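Since the structure comes first, as structure tokens, the remarks are kept for the end.
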Amino acid sequence: VLLVDKRRILLKMVGGTLEPGGDRGVKGPGVIPKDDYKSLLVAFNGGFKGPHGSYGMVANGKEYMKMRNGLATLCVSKDGTLKMGEYGRDFTWEENFEACRQNVILLVDGGQVSRRTTEGNDTWGYVNVNSSEFITWRSAVGITKDGNLLIGAGNSLSADTLAKAMYSAGAYMAMQLDINGPYISTALFYPQPDGSVRADKFMDSMSPSAANFLGTRERDFFYLTLDESRYR
């Protein structure tokens, strides 16, 4: 789990060229703008594909999938403020939102592990194994009670163990992102003097190359840039 100081970053969301809106004819840019390379810190995978639950996403001035009530939702405002909760209960669309992404239901809700974490594939995503606990690579994003950002990922996880890990790391709210090894990726970036960017995996055991975020991605993702304008 990576803990990030909310006062020193901006969170941005990018729709992939195919997911989650491709089946609706809504394609995203799939790239990090080159202007952000100089302040690039972290990037990590987004949520499920569009047809796998129709979870909402708004970013890049587009509605990739419609926002729906009852789903775990992370939104970022134009001033960089983060908000996470259950859409329709904790908040709904606000005019100052820059982007939002939904995925499944909350893993951690108001400082408590969800009672629904032991549900199966219909809730937490398809896993092609004969296991009552649905063990696989899983990823998550969360916020602490004071609003700092948590980015989590790991192998051999059920939804329940992922929720407990995020809770143990200090999550007040947390939501699962994508699952299964080929799709789980968190990259750390180090801008170089010549203007290039070095990309390293957050975990060596992650399958995708960290540099996959420096190309064009078919799936949506998040990235963080350094911005200390709100740091006091």
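Residue names in the structure tokens use chain letters A, B, ... in the order shown, residue numbers from 1 in each chain, and ligand numbers from 1 in the order shown.
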
Kindly provide the residues of stretch 79-111 of chain A that approach stretch 159-163 of chain A to within 9 Å, each paired with its closest atom pair and their distance in Å to one decimal, based on only C-alpha atoms, listed by chain and increasing number, as JSON lines.
```
{"residue": "A:Leu106", "atom": "CA", "partner": "A:Ala163", "partner_atom": "CA", "distance": 8.8}
{"residue": "A:Leu107", "atom": "CA", "partner": "A:Ala163", "partner_atom": "CA", "distance": 5.1}
{"residue": "A:Val108", "atom": "CA", "partner": "A:Ala163", "partner_atom": "CA", "distance": 6.1}
```

Could the residues in this selection be written to a file with C-alpha atoms, as a compact mmCIF listing (two decimals), in the first residue's frame?
```txt
# COMPACT_ATOMS: atom_id res chain seq x y z
CA LEU A 106 -17.05 -0.06 -1.06
CA LEU A 107 -14.43 -2.36 0.47
CA VAL A 108 -14.11 -0.10 3.51
```

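Interatomic distance, atom CA of A:Leu177 to atom CA of A:Lys34: 25.4 Å.
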
- Query: Using only C-alpha atoms, which residue out of A:Ala169, A:Ala153, A:Gly46, A:Glu228 lies closest to A:Gly181?
  - Reply: A:Ala153

- Item | A:Glu94 environment, 12 Å, only C-alpha atoms, sequence neighbours closer than 4 positions dropped, as a list in words |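 That gives Val58, Cys75, Val76, Ser77, Lys78, Lys83, Tyr87, Gly88, Asp90, Glu98, Ala99 and Cys100 of chain A.
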
- Item | Pick from A:Leu188, A:Ala59, A:Ala165, A:Val42 nearest to A:Arg138, counting only C-alpha atoms |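 Closest candidate: A:Ala165.
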
Can I get the residues of stretch 20-90 of chain A within 10 Å of stretch 195-209 of chain A, each with the closest pair of atoms and their distance in Å to one decimal, using only C-alpha atoms, sorted chain first then ascending number, as a Markdown table?
```
| residue | atom | partner | partner_atom | distance |
| --- | --- | --- | --- | --- |
| A:Lys34 | CA | A:Ser196 | CA | 9.9 |
| A:Tyr37 | CA | A:Val197 | CA | 6.8 |
| A:Lys38 | CA | A:Gly195 | CA | 7.0 |
| A:Ser39 | CA | A:Val197 | CA | 9.8 |
| A:Leu40 | CA | A:Val197 | CA | 8.3 |
| A:Leu41 | CA | A:Ala199 | CA | 9.4 |
| A:Val42 | CA | A:Ala199 | CA | 9.0 |
| A:Ala43 | CA | A:Ala199 | CA | 9.7 |
| A:Phe44 | CA | A:Phe202 | CA | 9.6 |
```

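Using only C-alpha atoms, the smallest distance between any of A:Pro193, A:Ala174, A:Met65, A:Val4 and A:Thr117 comes from A:Ala174.
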
- How many Å lie between atom CA of A:Val1 and atom CA of A:Met175, rounded to one decimal?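 For atom CA of A:Val1 relative to atom CA of A:Met175, the distance reads 13.3 Å.
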